[in-house]
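Below is the file protein-v9.txt, which contains compact mmCIF, C-alpha atoms.
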```txt
# COMPACT_ATOMS: atom_id res chain seq x y z
CA MET A 1198 -19.16 -27.93 -27.07
CA LYS A 1199 -19.21 -24.18 -26.28
CA GLU A 1200 -22.43 -24.62 -24.28
CA ASP A 1201 -20.91 -27.49 -22.32
CA LYS A 1202 -17.94 -25.33 -21.36
CA LEU A 1203 -20.27 -22.52 -20.26
CA TYR A 1204 -22.37 -24.97 -18.31
CA GLN A 1205 -19.28 -26.34 -16.59
CA GLN A 1206 -18.13 -22.81 -15.70
CA LEU A 1207 -21.56 -21.96 -14.31
CA LYS A 1208 -21.62 -25.17 -12.31
CA GLU A 1209 -18.13 -24.47 -10.88
CA ARG A 1210 -19.20 -20.93 -10.04
CA MET A 1211 -22.32 -22.22 -8.29
CA TYR A 1212 -20.31 -24.69 -6.20
CA ALA A 1213 -17.74 -21.99 -5.38
CA VAL A 1214 -20.39 -19.49 -4.26
CA SER A 1215 -22.18 -22.07 -2.15
CA SER A 1216 -19.00 -23.48 -0.59
CA VAL A 1217 -19.75 -21.67 2.66
CA PRO A 1218 -23.18 -20.83 4.10
CA PRO A 1219 -24.06 -17.12 4.28
CA GLN A 1220 -23.06 -15.33 7.47
CA ASP A 1221 -25.78 -15.12 10.07
CA ILE A 1222 -24.94 -12.81 12.96
CA GLY A 1223 -28.42 -12.19 14.30
CA LEU A 1224 -29.57 -8.57 14.40
CA LEU A 1225 -26.36 -7.32 12.78
CA THR A 1226 -26.82 -9.46 9.64
CA PRO A 1227 -28.46 -6.74 7.46
CA PHE A 1228 -25.71 -4.30 8.46
CA TRP A 1229 -23.05 -6.92 7.64
CA ARG A 1230 -24.61 -7.62 4.25
CA LYS A 1231 -24.51 -3.90 3.40
CA ILE A 1232 -20.80 -3.60 4.23
CA VAL A 1233 -19.41 -6.82 2.75
CA PRO A 1234 -20.06 -6.13 -0.99
CA HIS A 1235 -17.88 -3.01 -0.69
CA ILE A 1236 -15.06 -5.04 0.81
CA LYS A 1237 -15.20 -7.93 -1.66
CA GLU A 1238 -14.02 -5.78 -4.60
CA SER A 1239 -11.04 -3.44 -4.24
CA PRO A 1240 -11.08 -3.28 -0.45
CA ILE A 1241 -7.85 -1.26 -0.55
CA ARG A 1242 -9.93 1.96 -0.54
CA PHE A 1243 -11.63 1.00 2.71
CA LEU A 1244 -8.42 -0.37 4.20
CA MET A 1245 -6.68 2.95 3.51
CA LEU A 1246 -9.66 4.90 4.84
CA GLY A 1247 -9.70 2.70 7.94
CA GLY A 1248 -5.95 3.17 8.34
CA PHE A 1249 -6.28 6.94 8.02
CA LEU A 1250 -9.13 7.19 10.54
CA SER A 1251 -7.40 4.84 12.98
CA THR A 1252 -4.22 6.91 12.71
CA LEU A 1253 -6.12 10.12 13.45
CA PHE A 1254 -7.84 8.45 16.40
CA ALA A 1255 -4.50 7.15 17.70
CA TRP A 1256 -2.97 10.63 17.36
CA VAL A 1257 -5.84 12.22 19.28
CA ILE A 1258 -5.66 9.61 22.07
CA LEU A 1259 -1.89 9.06 22.29
CA GLY A 1260 -0.51 12.40 21.16
CA THR A 1261 3.28 12.49 20.97
CA LEU A 1262 3.48 8.95 22.39
CA ILE A 1263 2.95 7.92 18.76
CA VAL A 1264 6.48 9.13 18.00
CA ARG A 1265 7.95 6.73 20.59
CA ILE A 1266 5.81 3.88 19.24
CA VAL A 1267 7.06 4.56 15.71
CA SER A 1268 10.66 4.61 16.92
CA LEU A 1269 10.04 1.16 18.43
CA LEU A 1270 8.31 -0.12 15.29
CA GLN A 1271 11.12 1.14 13.09
CA TYR A 1272 13.51 -1.19 14.87
CA GLY A 1273 11.05 -4.03 14.28
CA PHE A 1274 12.11 -5.12 10.84
CA MET B 1084 7.31 -22.74 -14.46
CA TYR B 1085 5.78 -20.02 -16.64
CA THR B 1086 2.25 -21.19 -15.78
CA SER B 1087 2.97 -21.23 -12.05
CA PHE B 1088 4.50 -17.73 -12.26
CA THR B 1089 1.43 -16.45 -14.09
CA LEU B 1090 -0.79 -18.03 -11.45
CA PHE B 1091 1.34 -16.50 -8.72
CA LEU B 1092 0.96 -13.03 -10.26
CA ARG B 1093 -2.78 -13.57 -10.67
CA HIS B 1094 -3.17 -14.59 -7.03
CA LEU B 1095 -0.93 -11.72 -5.92
CA LEU B 1096 -3.10 -9.23 -7.77
CA GLY B 1097 -6.20 -11.06 -6.59
CA ILE B 1098 -5.48 -10.65 -2.88
CA ILE B 1099 -5.27 -6.90 -3.49
CA ILE B 1100 -8.22 -6.41 -5.85
CA ARG B 1101 -10.52 -9.37 -5.13
CA PRO B 1102 -9.36 -10.98 -1.88
CA TYR B 1103 -12.66 -12.72 -1.24
CA GLU B 1104 -12.69 -14.72 -4.49
CA THR B 1105 -8.92 -15.23 -4.48
CA MET B 1106 -8.79 -16.66 -0.96
CA ARG B 1107 -11.75 -18.90 -1.78
CA SER B 1108 -9.81 -20.26 -4.75
CA LEU B 1109 -6.57 -20.53 -2.74
CA SER B 1110 -8.27 -22.62 -0.05
CA LYS B 1111 -8.83 -25.30 -2.71
CA GLY B 1112 -5.10 -25.50 -3.40
CA VAL B 1113 -2.54 -23.99 -5.74
CA ASN B 1114 0.31 -25.00 -7.98
CA PRO B 1115 3.00 -25.99 -5.40
CA LEU B 1116 5.62 -24.01 -7.38
CA GLU B 1117 3.92 -20.81 -6.20
CA ILE B 1118 5.49 -21.46 -2.80
CA ILE B 1119 8.87 -20.83 -4.43
CA TYR B 1120 7.92 -17.32 -5.57
CA ILE B 1121 6.75 -16.31 -2.10
CA ASN B 1122 10.01 -17.69 -0.72
CA ILE B 1123 11.93 -15.60 -3.27
CA LEU B 1124 10.12 -12.46 -2.03
CA ALA B 1125 10.98 -13.42 1.55
CA VAL B 1126 14.63 -14.03 0.63
CA ILE B 1127 14.84 -10.61 -1.08
CA TYR B 1128 13.46 -8.93 2.05
CA ILE B 1129 15.81 -10.87 4.36
CA GLY B 1130 18.80 -10.01 2.20
CA LEU B 1131 17.93 -6.30 2.27
CA ALA B 1132 17.20 -6.36 6.02
CA SER B 1133 20.49 -8.13 6.79
CA LEU B 1134 22.45 -5.58 4.75
CA LEU B 1135 20.65 -2.65 6.36
CA ARG B 1136 21.03 -3.98 9.88
CA LYS B 1137 24.60 -5.17 9.72
CA GLY B 1138 25.93 -2.85 7.03
CA LEU B 1139 27.90 -3.50 3.87
CA ASP B 1140 31.16 -3.45 5.85
CA SER B 1141 30.18 -6.50 7.90
CA GLY B 1142 31.86 -9.74 7.10
CA SER B 1143 30.11 -12.30 4.95
CA LEU B 1144 29.93 -14.71 7.91
CA LEU B 1145 28.03 -12.22 10.04
CA LEU B 1146 25.66 -11.41 7.20
CA THR B 1147 25.09 -15.10 6.49
CA LEU B 1148 24.38 -15.82 10.16
CA HIS B 1149 21.93 -12.93 10.37
CA PHE B 1150 20.30 -14.04 7.12
CA GLY B 1151 19.99 -17.60 8.41
CA LYS B 1152 18.54 -16.43 11.71
CA LEU B 1153 15.90 -14.27 10.03
CA PHE B 1154 15.02 -16.90 7.44
CA SER B 1155 14.60 -19.69 9.99
CA GLY B 1156 12.62 -17.29 12.20
CA ILE B 1157 10.20 -16.55 9.38
CA ILE B 1158 9.82 -20.24 8.51
CA PHE B 1159 9.21 -21.34 12.13
CA THR B 1160 6.85 -18.45 12.80
CA PHE B 1161 4.86 -19.26 9.68
CA ILE B 1162 4.65 -22.95 10.60
CA PHE B 1163 3.61 -22.04 14.14
CA SER B 1164 0.88 -19.63 12.97
CA TRP B 1165 -0.32 -22.13 10.35
CA GLY B 1166 -0.45 -24.83 13.02
CA ILE B 1167 -2.40 -22.84 15.60
CA ILE B 1168 -4.89 -21.59 13.01
CA TYR B 1169 -5.44 -25.16 11.83
CA PHE B 1170 -5.78 -26.75 15.27
CA VAL B 1171 -7.77 -23.98 16.95
CA GLY B 1172 -10.11 -23.88 13.94
CA LYS B 1173 -10.60 -27.64 14.26
CA LEU B 1174 -11.59 -27.15 17.92
CA PHE B 1175 -14.53 -25.03 16.76
CA GLY B 1176 -15.73 -27.51 14.16
CA GLY B 1177 -13.51 -26.46 11.26
CA LYS B 1178 -13.50 -28.78 8.29
CA ALA B 1179 -10.17 -27.90 6.73
CA SER B 1180 -7.29 -30.14 5.78
CA PRO B 1181 -3.85 -28.60 6.47
CA SER B 1182 -3.49 -27.54 2.82
CA ASN B 1183 -6.82 -25.67 2.93
CA ILE B 1184 -5.21 -23.38 5.51
CA PHE B 1185 -1.62 -23.47 4.20
CA TYR B 1186 -2.11 -21.79 0.83
CA PRO B 1187 -4.39 -18.91 1.87
CA TRP B 1188 -2.18 -18.27 4.91
CA LEU B 1189 0.92 -18.36 2.69
CA TYR B 1190 -0.46 -15.54 0.56
CA SER B 1191 -1.31 -13.59 3.69
CA LEU B 1192 2.48 -13.20 4.02
CA ILE B 1193 2.26 -10.55 1.29
CA PRO B 1194 1.04 -7.71 3.58
CA THR B 1195 3.62 -8.90 6.15
CA LEU B 1196 6.47 -8.67 3.64
CA LEU B 1197 5.15 -5.34 2.39
CA TRP B 1198 5.23 -3.95 5.94
CA PHE B 1199 8.72 -5.29 6.57
CA LEU B 1200 9.98 -3.84 3.27
CA THR B 1201 8.35 -0.47 4.08
CA ALA B 1202 9.90 -0.48 7.55
CA SER B 1203 13.30 -1.31 6.02
CA PHE B 1204 12.95 1.52 3.49
CA PHE B 1205 12.05 4.04 6.18
CA TYR B 1206 14.87 2.75 8.37
CA PHE B 1207 17.26 3.45 5.49
CA LEU B 1208 15.68 6.81 4.68
CA LEU B 1209 15.19 8.14 8.22
CA PRO B 1210 16.79 5.96 10.88
CA PRO B 1211 15.15 6.08 14.31
CA PRO B 1212 14.74 7.52 16.88
CA ARG B 1213 12.13 10.08 15.96
CA THR B 1214 11.75 13.44 17.67
CA ASP B 1215 8.63 15.25 18.84
CA SER B 1216 9.11 18.00 16.25
CA LEU B 1217 6.43 18.62 13.62
CA LYS B 1218 8.39 16.67 10.99
CA GLY B 1219 8.89 13.80 13.42
CA GLN B 1220 5.19 13.67 14.20
CA LEU B 1221 4.18 13.87 10.53
CA PHE B 1222 6.54 11.05 9.61
CA SER B 1223 5.24 9.02 12.55
CA LEU B 1224 1.66 9.51 11.39
CA VAL B 1225 2.51 8.36 7.86
CA PHE B 1226 4.36 5.32 9.18
CA ILE B 1227 1.57 4.40 11.58
CA GLY B 1228 -1.00 4.86 8.80
CA ILE B 1229 0.87 2.46 6.51
CA SER B 1230 1.36 -0.02 9.38
CA ILE B 1231 -2.31 0.03 10.36
CA THR B 1232 -3.43 -0.40 6.72
CA CYS B 1233 -1.15 -3.44 6.32
CA PHE B 1234 -2.43 -4.77 9.64
CA TYR B 1235 -6.06 -4.43 8.56
CA TRP B 1236 -5.24 -6.11 5.24
CA LYS B 1237 -3.55 -8.98 7.12
CA GLY B 1238 -6.56 -9.19 9.44
CA MET B 1239 -8.92 -9.41 6.48
CA LEU B 1240 -6.86 -12.22 4.91
CA TYR B 1241 -6.77 -14.01 8.29
CA TYR B 1242 -10.58 -13.81 8.47
CA LEU B 1243 -10.88 -15.14 4.91
CA THR B 1244 -8.43 -17.99 5.67
CA LEU B 1245 -10.66 -19.18 8.50
CA ARG B 1246 -13.84 -18.48 6.55
CA PHE B 1247 -12.90 -20.46 3.44
CA GLY B 1248 -10.37 -22.83 4.96
CA HIS B 1249 -12.30 -24.06 7.96
CA LYS B 1250 -15.70 -22.77 6.73
CA LEU B 1251 -16.34 -21.15 10.09
CA SER B 1252 -19.02 -18.58 10.85
CA LEU B 1253 -18.09 -15.11 12.13
CA GLY B 1254 -18.89 -16.06 15.71
CA LYS B 1255 -16.57 -19.08 15.64
CA ILE B 1256 -13.86 -17.02 13.94
CA ILE B 1257 -14.06 -14.51 16.80
CA LEU B 1258 -13.88 -17.32 19.39
CA SER B 1259 -10.89 -18.84 17.56
CA THR B 1260 -9.20 -15.44 17.54
CA ILE B 1261 -9.70 -15.12 21.31
CA ILE B 1262 -7.62 -18.30 21.71
CA ILE B 1263 -5.11 -17.61 18.92
CA VAL B 1264 -4.12 -14.07 19.98
CA PRO B 1265 -2.78 -14.99 23.47
CA LEU B 1266 -0.86 -17.90 21.94
CA ALA B 1267 0.61 -15.52 19.36
CA ILE B 1268 1.59 -13.06 22.12
CA LEU B 1269 3.34 -15.84 24.07
CA TYR B 1270 5.19 -16.92 20.95
CA SER B 1271 6.21 -13.36 20.15
CA LEU B 1272 7.63 -12.95 23.67
CA PHE B 1273 9.59 -16.15 23.10
CA THR B 1274 11.01 -14.93 19.77
CA TYR B 1275 11.77 -11.53 21.33
CA LYS B 1276 13.81 -13.26 24.06
CA LEU B 1277 15.66 -15.19 21.37
CA GLY B 1278 16.37 -11.94 19.54
CA LEU B 1279 14.60 -13.15 16.42
CA PHE B 1280 11.80 -10.64 16.05
CA ARG B 1281 11.05 -7.42 17.75
CA ILE B 1282 7.66 -7.10 16.08
CA PRO B 1283 5.81 -10.38 15.49
CA PHE B 1284 3.92 -9.59 12.36
CA ILE B 1285 4.01 -12.98 10.63
```
Is it possible to express this structure as structure tokens?
Amino acid sequence: MKEDKLYQQLKERMYAVSSVPPQDIGLLTPFWRKIVPHIKESPIRFLMLGGFLSTLFAWVILGTLIVRIVSLLQYGF
Amino acid sequence: MYTSFTLFLRHLLGIIIRPYETMRSLSKGVNPLEIIYINILAVIYIGLASLLRKGLDSGSLLLTLHFGKLFSGIIFTFIFSWGIIYFVGKLFGGKASPSNIFYPWLYSLIPTLLWFLTASFFYFLLPPPRTDSLKGQLFSLVFIGISITCFYWKGMLYYLTLRFGHKLSLGKIILSTIIIVPLAILYSLFTYKLGLFRIPFI
């Protein structure tokens, strides 16, 4: 009975993993496959890093215009 | 009820820690009672936002009207976004049924609600407008950082909704996005004119 349950779980896992075909984006596929495993588990680290870098970039490009944008966003809720 | 609440908490944690697997599981369907818990979160936010916007001194009628306006705005915006994701995905060969899109997209409301709650908190803490002083700029950077992080999280869940809901490739997801974004901008202008939302982040 225990083996049957394990077999069922493995079968479900196999169907789940193969529910969509792997991404194929031509020449960028190897690069994509290097990035994605880091995003599948605890992507919050990369989201926060991306947010931080984007903020810095926005500050460099926009300067004090960011303050006006934030004033607008603060009314947005 | 207890089982559905446990599932809701598991999915909630899952979209933070393991969004890929969680969205794959959500696209197959959930316990319908989980919709209630997301609605409860939305109602809590709307209640707080109405109080902050209108103030405790406002009459109950005004608060109720504002609450109703926000709540119906969120519902209609969600239905609209669900609809365009479903139909545009179908145009590009998507294989989803409406429920395959509904449940993952429903959980993508979590970063939206988080952003709205954060914006409400900062509105309460430091009401706008901001100044160009050092403190104003630092606060602005923190706020923008949080906003961009929530936006990226939402974007990731949007990608996973199309990936596991419609089973689209990256190329088709990008093409779908090229059609969906202008429609979303038009809708947001419409809701802005109605005074429903200033920032269309649903």
Give me the residues near stretch 1217-1221 of chain A as JSON, numbers by chain, where near means some atom within 8 Å (using all atoms listed in the file) and where sequence neighbours in that chain fewer than 4 positions away do not count.
{"A": [1226], "B": [1246, 1247, 1250, 1252, 1253]}
Å distance separating atom CA of B:Asn1114 from atom CA of B:Phe1150, one decimal place
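Interatomic distance here is 27.3 Å.
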Using only C-alpha atoms and a distance of at most 6 Å, pull out the residues of chain A that contact chain B, as number ranges by chain.
A: 1217, 1237-1239, 1244-1245, 1248-1249, 1252, 1264, 1267-1268, 1271, 1273-1274
Any idea what's packed within 8 Å of B:Leu1240, counting only C-alpha atoms, ignoring anything in its chain fewer than 2 positions away? Could you give it as a PyMOL selection string?
chain B and resi 1102+1106+1187-1188+1191+1236-1238+1242-1244
Between atom CA of B:Ser1155 and atom CA of B:Leu1116, measure the distance and give it in Å to one decimal.
20.0 Å
Please report the interatomic distance between atom CA of A:Gln1206 and atom CA of B:Thr1086 in Å with one decimal.
20.4 Å
Using all atoms listed in the file, can you tell me which of A:Leu1207, A:Tyr1272, A:Val1233, A:Arg1242 comes closest to B:Phe1207?
A:Tyr1272
From the list B:Ile1162, B:Ile1193, B:Ile1157, B:Ala1179, the nearest residue to B:Leu1124 using only C-alpha atoms is B:Ile1193
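Remark: for B:Phe1185, the closest of the candidate residues B:Ile1118, B:Leu1134, B:Leu1197, B:Val1171 is B:Ile1118 (distances computed over only C-alpha atoms).
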Six-sided padding of 5 Å per side, axis-aligned box over stretch 1228-1246 of chain A, centre and edges in Å, one decimal, as JSON:
```
{"center_x": -16.2, "center_y": -1.5, "center_z": 1.9, "size_x": 29.0, "size_y": 22.8, "size_z": 23.1}
```
